[in-house]
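See below for query.pdb, which holds PDB, C-alpha atoms, pLDDT in the B column.
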```pdb
ATOM      1  CA  MET A 696     -18.809 -49.795 -14.861  1.00 82.00           C
ATOM      2  CA  PRO A 697     -15.860 -51.947 -15.941  1.00 88.00           C
ATOM      3  CA  PRO A 698     -13.989 -53.565 -13.016  1.00 87.00           C
ATOM      4  CA  MET A 699     -10.731 -51.805 -13.894  1.00 93.00           C
ATOM      5  CA  THR A 700     -12.427 -48.393 -13.901  1.00 95.00           C
ATOM      6  CA  TYR A 701     -13.933 -49.129 -10.483  1.00 95.00           C
ATOM      7  CA  GLN A 702     -10.528 -50.156  -9.108  1.00 96.00           C
ATOM      8  CA  LEU A 703      -8.874 -47.015 -10.478  1.00 97.00           C
ATOM      9  CA  LEU A 704     -11.595 -44.764  -9.051  1.00 97.00           C
ATOM     10  CA  LYS A 705     -11.405 -46.509  -5.689  1.00 96.00           C
ATOM     11  CA  MET A 706      -7.604 -46.160  -5.661  1.00 98.00           C
ATOM     12  CA  ALA A 707      -7.819 -42.448  -6.543  1.00 98.00           C
ATOM     13  CA  HIS A 708     -10.478 -41.932  -3.843  1.00 98.00           C
ATOM     14  CA  VAL A 709      -8.331 -43.605  -1.177  1.00 98.00           C
ATOM     15  CA  ALA A 710      -5.146 -41.783  -2.280  1.00 98.00           C
ATOM     16  CA  ALA A 711      -6.915 -38.410  -2.215  1.00 98.00           C
ATOM     17  CA  ALA A 712      -8.453 -39.198   1.194  1.00 98.00           C
ATOM     18  CA  VAL A 713      -5.030 -40.094   2.603  1.00 98.00           C
ATOM     19  CA  ALA A 714      -3.551 -36.828   1.285  1.00 98.00           C
ATOM     20  CA  TRP A 715      -6.478 -34.886   2.758  1.00 98.00           C
ATOM     21  CA  LEU A 716      -6.323 -36.531   6.182  1.00 98.00           C
ATOM     22  CA  VAL A 717      -2.533 -36.404   6.483  1.00 98.00           C
ATOM     23  CA  GLY A 718      -2.543 -32.733   5.472  1.00 97.00           C
ATOM     24  CA  SER A 719      -5.263 -31.957   7.991  1.00 97.00           C
ATOM     25  CA  LEU A 720      -3.442 -33.913  10.690  1.00 97.00           C
ATOM     26  CA  PHE A 721      -0.241 -32.020   9.974  1.00 96.00           C
ATOM     27  CA  VAL A 722      -2.051 -28.680  10.220  1.00 95.00           C
ATOM     28  CA  SER A 723      -3.589 -29.684  13.557  1.00 95.00           C
ATOM     29  CA  LEU A 724      -0.176 -30.687  14.932  1.00 94.00           C
ATOM     30  CA  PHE A 725       1.357 -27.435  13.675  1.00 92.00           C
ATOM     31  CA  LEU A 726      -1.400 -25.378  15.282  1.00 90.00           C
ATOM     32  CA  LEU A 727      -1.040 -27.349  18.501  1.00 89.00           C
ATOM     33  CA  THR A 728       2.699 -26.737  18.781  1.00 86.00           C
ATOM     34  CA  SER A 729       2.939 -23.201  17.372  1.00 81.00           C
ATOM     35  CA  GLN A 730       3.607 -20.274  19.637  1.00 69.00           C
ATOM     36  CA  PRO A 731       2.888 -16.570  19.208  1.00 60.00           C
ATOM     37  CA  GLU A 732       5.405 -14.958  16.883  1.00 61.00           C
ATOM     38  CA  HIS A 733       7.937 -13.666  19.412  1.00 64.00           C
ATOM     39  CA  GLY A 734      11.521 -14.611  20.108  1.00 62.00           C
ATOM     40  CA  ASP A 735      14.274 -16.242  18.069  1.00 62.00           C
ATOM     41  CA  ASP A 736      12.078 -18.871  16.367  1.00 63.00           C
ATOM     42  CA  ALA A 737       9.533 -16.361  15.000  1.00 70.00           C
ATOM     43  CA  PRO A 738      10.972 -16.055  11.457  1.00 76.00           C
ATOM     44  CA  LYS A 739      11.286 -19.825  11.113  1.00 79.00           C
ATOM     45  CA  GLU A 740       7.722 -20.372  12.345  1.00 80.00           C
ATOM     46  CA  ARG A 741       6.420 -17.658  10.022  1.00 82.00           C
ATOM     47  CA  ARG A 742       8.122 -19.366   7.067  1.00 86.00           C
ATOM     48  CA  MET A 743       6.622 -22.709   8.104  1.00 88.00           C
ATOM     49  CA  LEU A 744       3.203 -21.064   8.413  1.00 89.00           C
ATOM     50  CA  HIS A 745       3.355 -19.702   4.866  1.00 90.00           C
ATOM     51  CA  VAL A 746       4.542 -23.047   3.452  1.00 93.00           C
ATOM     52  CA  LEU A 747       1.762 -24.860   5.300  1.00 94.00           C
ATOM     53  CA  ARG A 748      -0.868 -22.384   4.060  1.00 94.00           C
ATOM     54  CA  ARG A 749       0.262 -22.937   0.452  1.00 95.00           C
ATOM     55  CA  TRP A 750       0.296 -26.731   0.957  1.00 96.00           C
ATOM     56  CA  THR A 751      -3.227 -26.602   2.400  1.00 97.00           C
ATOM     57  CA  LEU A 752      -4.451 -24.421  -0.462  1.00 96.00           C
ATOM     58  CA  PHE A 753      -2.853 -26.373  -3.306  1.00 97.00           C
ATOM     59  CA  VAL A 754      -2.711 -29.967  -2.001  1.00 98.00           C
ATOM     60  CA  THR A 755      -4.893 -30.697   1.021  1.00 98.00           C
ATOM     61  CA  THR A 756      -8.003 -28.798  -0.078  1.00 98.00           C
ATOM     62  CA  PRO A 757      -7.940 -30.148  -3.662  1.00 98.00           C
ATOM     63  CA  ALA A 758      -7.445 -33.650  -2.235  1.00 98.00           C
ATOM     64  CA  MET A 759     -10.576 -33.128  -0.137  1.00 98.00           C
ATOM     65  CA  VAL A 760     -12.542 -32.001  -3.208  1.00 98.00           C
ATOM     66  CA  ILE A 761     -11.325 -34.975  -5.261  1.00 98.00           C
ATOM     67  CA  THR A 762     -12.231 -37.331  -2.417  1.00 98.00           C
ATOM     68  CA  TRP A 763     -15.750 -35.896  -2.299  1.00 98.00           C
ATOM     69  CA  LEU A 764     -16.272 -35.960  -6.068  1.00 98.00           C
ATOM     70  CA  ILE A 765     -15.093 -39.533  -6.565  1.00 98.00           C
ATOM     71  CA  GLY A 766     -16.845 -40.749  -3.419  1.00 98.00           C
ATOM     72  CA  LEU A 767     -20.167 -39.216  -4.438  1.00 98.00           C
ATOM     73  CA  HIS A 768     -19.804 -40.621  -7.947  1.00 97.00           C
ATOM     74  CA  LEU A 769     -19.147 -44.125  -6.612  1.00 97.00           C
ATOM     75  CA  ALA A 770     -21.991 -43.903  -4.075  1.00 96.00           C
ATOM     76  CA  MET A 771     -24.481 -42.803  -6.742  1.00 97.00           C
ATOM     77  CA  THR A 772     -23.267 -45.346  -9.301  1.00 96.00           C
ATOM     78  CA  PHE A 773     -23.561 -48.305  -6.927  1.00 95.00           C
ATOM     79  CA  GLY A 774     -26.655 -47.178  -5.012  1.00 95.00           C
ATOM     80  CA  TRP A 775     -24.898 -46.941  -1.662  1.00 95.00           C
ATOM     81  CA  PHE A 776     -27.150 -44.092  -0.532  1.00 96.00           C
ATOM     82  CA  ALA A 777     -29.809 -46.717   0.152  1.00 95.00           C
ATOM     83  CA  MET A 778     -27.557 -48.159   2.890  1.00 96.00           C
ATOM     84  CA  ASN A 779     -27.242 -46.676   6.369  1.00 95.00           C
ATOM     85  CA  TRP A 780     -23.455 -46.979   6.724  1.00 96.00           C
ATOM     86  CA  ILE A 781     -22.852 -44.442   3.940  1.00 97.00           C
ATOM     87  CA  TRP A 782     -24.765 -41.750   5.831  1.00 97.00           C
ATOM     88  CA  ILE A 783     -22.556 -42.168   8.892  1.00 97.00           C
ATOM     89  CA  LYS A 784     -19.498 -42.021   6.626  1.00 98.00           C
ATOM     90  CA  VAL A 785     -20.857 -38.842   5.006  1.00 98.00           C
ATOM     91  CA  ALA A 786     -21.399 -37.294   8.452  1.00 98.00           C
ATOM     92  CA  PHE A 787     -17.773 -37.987   9.383  1.00 98.00           C
ATOM     93  CA  ALA A 788     -16.589 -36.631   6.009  1.00 98.00           C
ATOM     94  CA  ILE A 789     -18.639 -33.447   6.480  1.00 98.00           C
ATOM     95  CA  SER A 790     -17.170 -32.928   9.940  1.00 98.00           C
ATOM     96  CA  LEU A 791     -13.626 -33.499   8.604  1.00 98.00           C
ATOM     97  CA  SER A 792     -14.335 -30.999   5.804  1.00 98.00           C
ATOM     98  CA  GLY A 793     -15.536 -28.447   8.328  1.00 97.00           C
ATOM     99  CA  LEU A 794     -12.456 -29.063  10.437  1.00 97.00           C
ATOM    100  CA  LEU A 795     -10.187 -28.372   7.455  1.00 97.00           C
ATOM    101  CA  GLY A 796     -12.089 -25.121   6.898  1.00 96.00           C
ATOM    102  CA  MET A 797     -11.553 -24.117  10.529  1.00 94.00           C
ATOM    103  CA  GLN A 798      -7.884 -25.030  10.267  1.00 95.00           C
ATOM    104  CA  SER A 799      -7.474 -22.955   7.107  1.00 94.00           C
ATOM    105  CA  ALA A 800      -9.092 -19.998   8.861  1.00 93.00           C
ATOM    106  CA  SER A 801      -6.739 -20.448  11.830  1.00 91.00           C
ATOM    107  CA  LEU A 802      -3.716 -20.497   9.517  1.00 91.00           C
ATOM    108  CA  ARG A 803      -4.985 -17.335   7.794  1.00 90.00           C
ATOM    109  CA  ARG A 804      -5.480 -15.573  11.146  1.00 88.00           C
ATOM    110  CA  MET A 805      -2.019 -16.618  12.324  1.00 86.00           C
ATOM    111  CA  ALA A 806      -0.485 -15.309   9.089  1.00 82.00           C
ATOM    112  CA  GLY A 807      -2.286 -12.024   9.814  1.00 81.00           C
ATOM    113  CA  GLY A 808      -0.494 -11.780  13.145  1.00 78.00           C
ATOM    114  CA  SER A 809      -3.014 -13.275  15.536  1.00 74.00           C
ATOM    115  CA  GLY A 810      -1.314 -15.251  18.274  1.00 69.00           C
ATOM    116  CA  LYS A 811      -4.634 -16.512  19.577  1.00 76.00           C
ATOM    117  CA  ARG A 812      -4.883 -20.256  20.097  1.00 76.00           C
ATOM    118  CA  PRO A 813      -7.553 -21.909  17.890  1.00 79.00           C
ATOM    119  CA  PRO A 814     -10.556 -23.373  19.736  1.00 80.00           C
ATOM    120  CA  LEU A 815     -10.461 -27.053  20.707  1.00 87.00           C
ATOM    121  CA  ILE A 816      -7.002 -27.459  19.156  1.00 89.00           C
ATOM    122  CA  ASP A 817      -6.155 -30.283  21.564  1.00 91.00           C
ATOM    123  CA  LEU A 818      -9.004 -32.394  20.154  1.00 95.00           C
ATOM    124  CA  GLN A 819      -8.370 -31.923  16.437  1.00 95.00           C
ATOM    125  CA  ALA A 820      -5.647 -34.543  15.862  1.00 96.00           C
ATOM    126  CA  PRO A 821      -7.385 -37.277  17.887  1.00 96.00           C
ATOM    127  CA  PHE A 822     -10.667 -36.526  16.094  1.00 97.00           C
ATOM    128  CA  ILE A 823      -9.006 -36.871  12.677  1.00 98.00           C
ATOM    129  CA  VAL A 824      -7.527 -40.247  13.625  1.00 98.00           C
ATOM    130  CA  LEU A 825     -10.767 -41.559  15.159  1.00 98.00           C
ATOM    131  CA  ALA A 826     -12.914 -40.302  12.262  1.00 98.00           C
ATOM    132  CA  ALA A 827     -10.565 -41.919   9.737  1.00 98.00           C
ATOM    133  CA  ALA A 828     -10.700 -45.201  11.669  1.00 98.00           C
ATOM    134  CA  ALA A 829     -14.501 -45.038  11.790  1.00 97.00           C
ATOM    135  CA  ILE A 830     -14.713 -44.343   8.051  1.00 97.00           C
ATOM    136  CA  VAL A 831     -12.401 -47.237   7.196  1.00 97.00           C
ATOM    137  CA  THR A 832     -14.382 -49.556   9.478  1.00 97.00           C
ATOM    138  CA  LEU A 833     -17.677 -48.502   7.899  1.00 96.00           C
ATOM    139  CA  VAL A 834     -16.361 -49.013   4.365  1.00 94.00           C
ATOM    140  CA  VAL A 835     -14.751 -52.398   5.026  1.00 95.00           C
ATOM    141  CA  VAL A 836     -17.395 -53.924   7.323  1.00 95.00           C
ATOM    142  CA  LYS A 837     -20.529 -52.158   5.971  1.00 90.00           C
ATOM    143  CA  PRO A 838     -22.311 -53.106   9.217  1.00 88.00           C
ATOM    144  CA  PHE A 839     -25.834 -51.986   8.208  1.00 85.00           C
TER     145      PHE A 839
END
```
With the file now loaded, output its structure as structure tokens.
Amino acid sequence: MPPMTYQLLKMAHVAAAVAWLVGSLFVSLFLLTSQPEHGDDAPKERRMLHVLRRWTLFVTTPAMVITWLIGLHLAMTFGWFAMNWIWIKVAFAISLSGLLGMQSASLRRMAGGSGKRPPLIDLQAPFIVLAAAAIVTLVVVKPF
């Protein structure tokens, strides 16, 4: 693979990962601070909910897919699956993907009128930050 192609793929992978993680972090903070749809702020929160659902559907989720596709392509091209660090990174990426799925389901339920608080909502934002830090550390240091 030409060096310029590698750099462009790496840049696209990182940009897509940032969009994915920031979108997921924003959803977790929205879910953490949202209240059941009663009172004066209900229409404003409902509007924000619909905007966030569209953003998740058309930006955050595609960014996750692009991150996965480019990352898998790079890992297969350079034989990184023979190294242990990539498997830990993949485990974190799978858990972040699952979290985005749970968040999307929570947004869908809230749009349907459920005021129920999503499970473990207090831990979602810290997990996203810690998982991102672990992934960056694994990629930069490649400890094993």
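Once the PyMOL selection byres ((chain A and resi 741) around 10) is applied to this file, the selection holds Ser729, Pro731, Glu732, Asp736, Ala737, Pro738, Lys739, Glu740, Arg742, Met743, Leu744, His745, Val746, Leu747, Met805, Ala806 and Gly808 of chain A.
In this comparison, which uses all atoms listed in the file, the residue of A:Ile823, A:Leu726, A:Leu769, A:Leu752 approaching Ser790 in chain A most closely is A:Ile823.
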Got a sec to check which residues sit within 12 Å of (-13.9, -46.0, -4.2), counting all atoms listed in the file, and write them as a short mmCIF file (atom, residue, chain, number, x, y, z; two decimals) with C-alpha atoms, in the coordinates of the input?
```cif
data_model
loop_
_atom_site.label_atom_id
_atom_site.label_comp_id
_atom_site.auth_asym_id
_atom_site.auth_seq_id
_atom_site.Cartn_x
_atom_site.Cartn_y
_atom_site.Cartn_z
CA PRO A 698 -13.99 -53.56 -13.02
CA MET A 699 -10.73 -51.80 -13.89
CA THR A 700 -12.43 -48.39 -13.90
CA TYR A 701 -13.93 -49.13 -10.48
CA GLN A 702 -10.53 -50.16 -9.11
CA LEU A 703 -8.87 -47.02 -10.48
CA LEU A 704 -11.60 -44.76 -9.05
CA LYS A 705 -11.40 -46.51 -5.69
CA MET A 706 -7.60 -46.16 -5.66
CA ALA A 707 -7.82 -42.45 -6.54
CA HIS A 708 -10.48 -41.93 -3.84
CA VAL A 709 -8.33 -43.60 -1.18
CA ALA A 710 -5.15 -41.78 -2.28
CA ALA A 711 -6.92 -38.41 -2.22
CA ALA A 712 -8.45 -39.20 1.19
CA ILE A 761 -11.32 -34.98 -5.26
CA THR A 762 -12.23 -37.33 -2.42
CA TRP A 763 -15.75 -35.90 -2.30
CA LEU A 764 -16.27 -35.96 -6.07
CA ILE A 765 -15.09 -39.53 -6.56
CA GLY A 766 -16.84 -40.75 -3.42
CA LEU A 767 -20.17 -39.22 -4.44
CA HIS A 768 -19.80 -40.62 -7.95
CA LEU A 769 -19.15 -44.12 -6.61
CA ALA A 770 -21.99 -43.90 -4.08
CA MET A 771 -24.48 -42.80 -6.74
CA THR A 772 -23.27 -45.35 -9.30
CA PHE A 773 -23.56 -48.30 -6.93
CA TRP A 775 -24.90 -46.94 -1.66
CA VAL A 831 -12.40 -47.24 7.20
CA VAL A 834 -16.36 -49.01 4.36
CA VAL A 835 -14.75 -52.40 5.03
#
```
**Request:** Would you be able to write out as JSON, numbers by chain which residues have an atom within 12 Å of (-3.8, -24.2, 2.5) in the file's coordinates, counting all atoms listed in the file?
**Result:** {"A": [715, 718, 719, 721, 722, 743, 744, 745, 746, 747, 748, 749, 750, 751, 752, 753, 754, 755, 756, 757, 758, 759, 795, 796, 797, 798, 799, 800, 801, 802, 803, 806]}
Take the residues from that selection and put them in a file with C-alpha atoms, as a CSV table (one decimal), in the frame of the given file.
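Once written, again01.csv looks like this:
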```csv
chain,number,residue,atom,x,y,z
A,715,TRP,CA,-6.5,-34.9,2.8
A,718,GLY,CA,-2.5,-32.7,5.5
A,719,SER,CA,-5.3,-32.0,8.0
A,721,PHE,CA,-0.2,-32.0,10.0
A,722,VAL,CA,-2.1,-28.7,10.2
A,743,MET,CA,6.6,-22.7,8.1
A,744,LEU,CA,3.2,-21.1,8.4
A,745,HIS,CA,3.4,-19.7,4.9
A,746,VAL,CA,4.5,-23.0,3.5
A,747,LEU,CA,1.8,-24.9,5.3
A,748,ARG,CA,-0.9,-22.4,4.1
A,749,ARG,CA,0.3,-22.9,0.5
A,750,TRP,CA,0.3,-26.7,1.0
A,751,THR,CA,-3.2,-26.6,2.4
A,752,LEU,CA,-4.5,-24.4,-0.5
A,753,PHE,CA,-2.9,-26.4,-3.3
A,754,VAL,CA,-2.7,-30.0,-2.0
A,755,THR,CA,-4.9,-30.7,1.0
A,756,THR,CA,-8.0,-28.8,-0.1
A,757,PRO,CA,-7.9,-30.1,-3.7
A,758,ALA,CA,-7.4,-33.6,-2.2
A,759,MET,CA,-10.6,-33.1,-0.1
A,795,LEU,CA,-10.2,-28.4,7.5
A,796,GLY,CA,-12.1,-25.1,6.9
A,797,MET,CA,-11.6,-24.1,10.5
A,798,GLN,CA,-7.9,-25.0,10.3
A,799,SER,CA,-7.5,-23.0,7.1
A,800,ALA,CA,-9.1,-20.0,8.9
A,801,SER,CA,-6.7,-20.4,11.8
A,802,LEU,CA,-3.7,-20.5,9.5
A,803,ARG,CA,-5.0,-17.3,7.8
A,806,ALA,CA,-0.5,-15.3,9.1
```
**Prompt:** With all atoms listed in the file as the basis for distance, which of A:Leu727, A:Ala777, A:Leu720, A:Ala829 is at the shortest distance from Arg812 in chain A?
**Reply:** A:Leu727
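For the pair CA of Leu791 in chain A and CA of Ala826 in chain A, the separation is 7.8 Å.
Atom pair CA of Val713 in chain A / CA of Pro813 in chain A has a distance of 23.9 Å (rounded to one decimal).
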**Separation of CA of Val824 in chain A from CA of Trp780 in chain A, in Å and rounded to one decimal** = 18.6 Å
**Message:** My list of candidates is A:Val717, A:Val760, A:Met778, A:Ala786. Which is closest to Ile830 in chain A when distances are computed with only C-alpha atoms?
**Reply:** A:Ala786
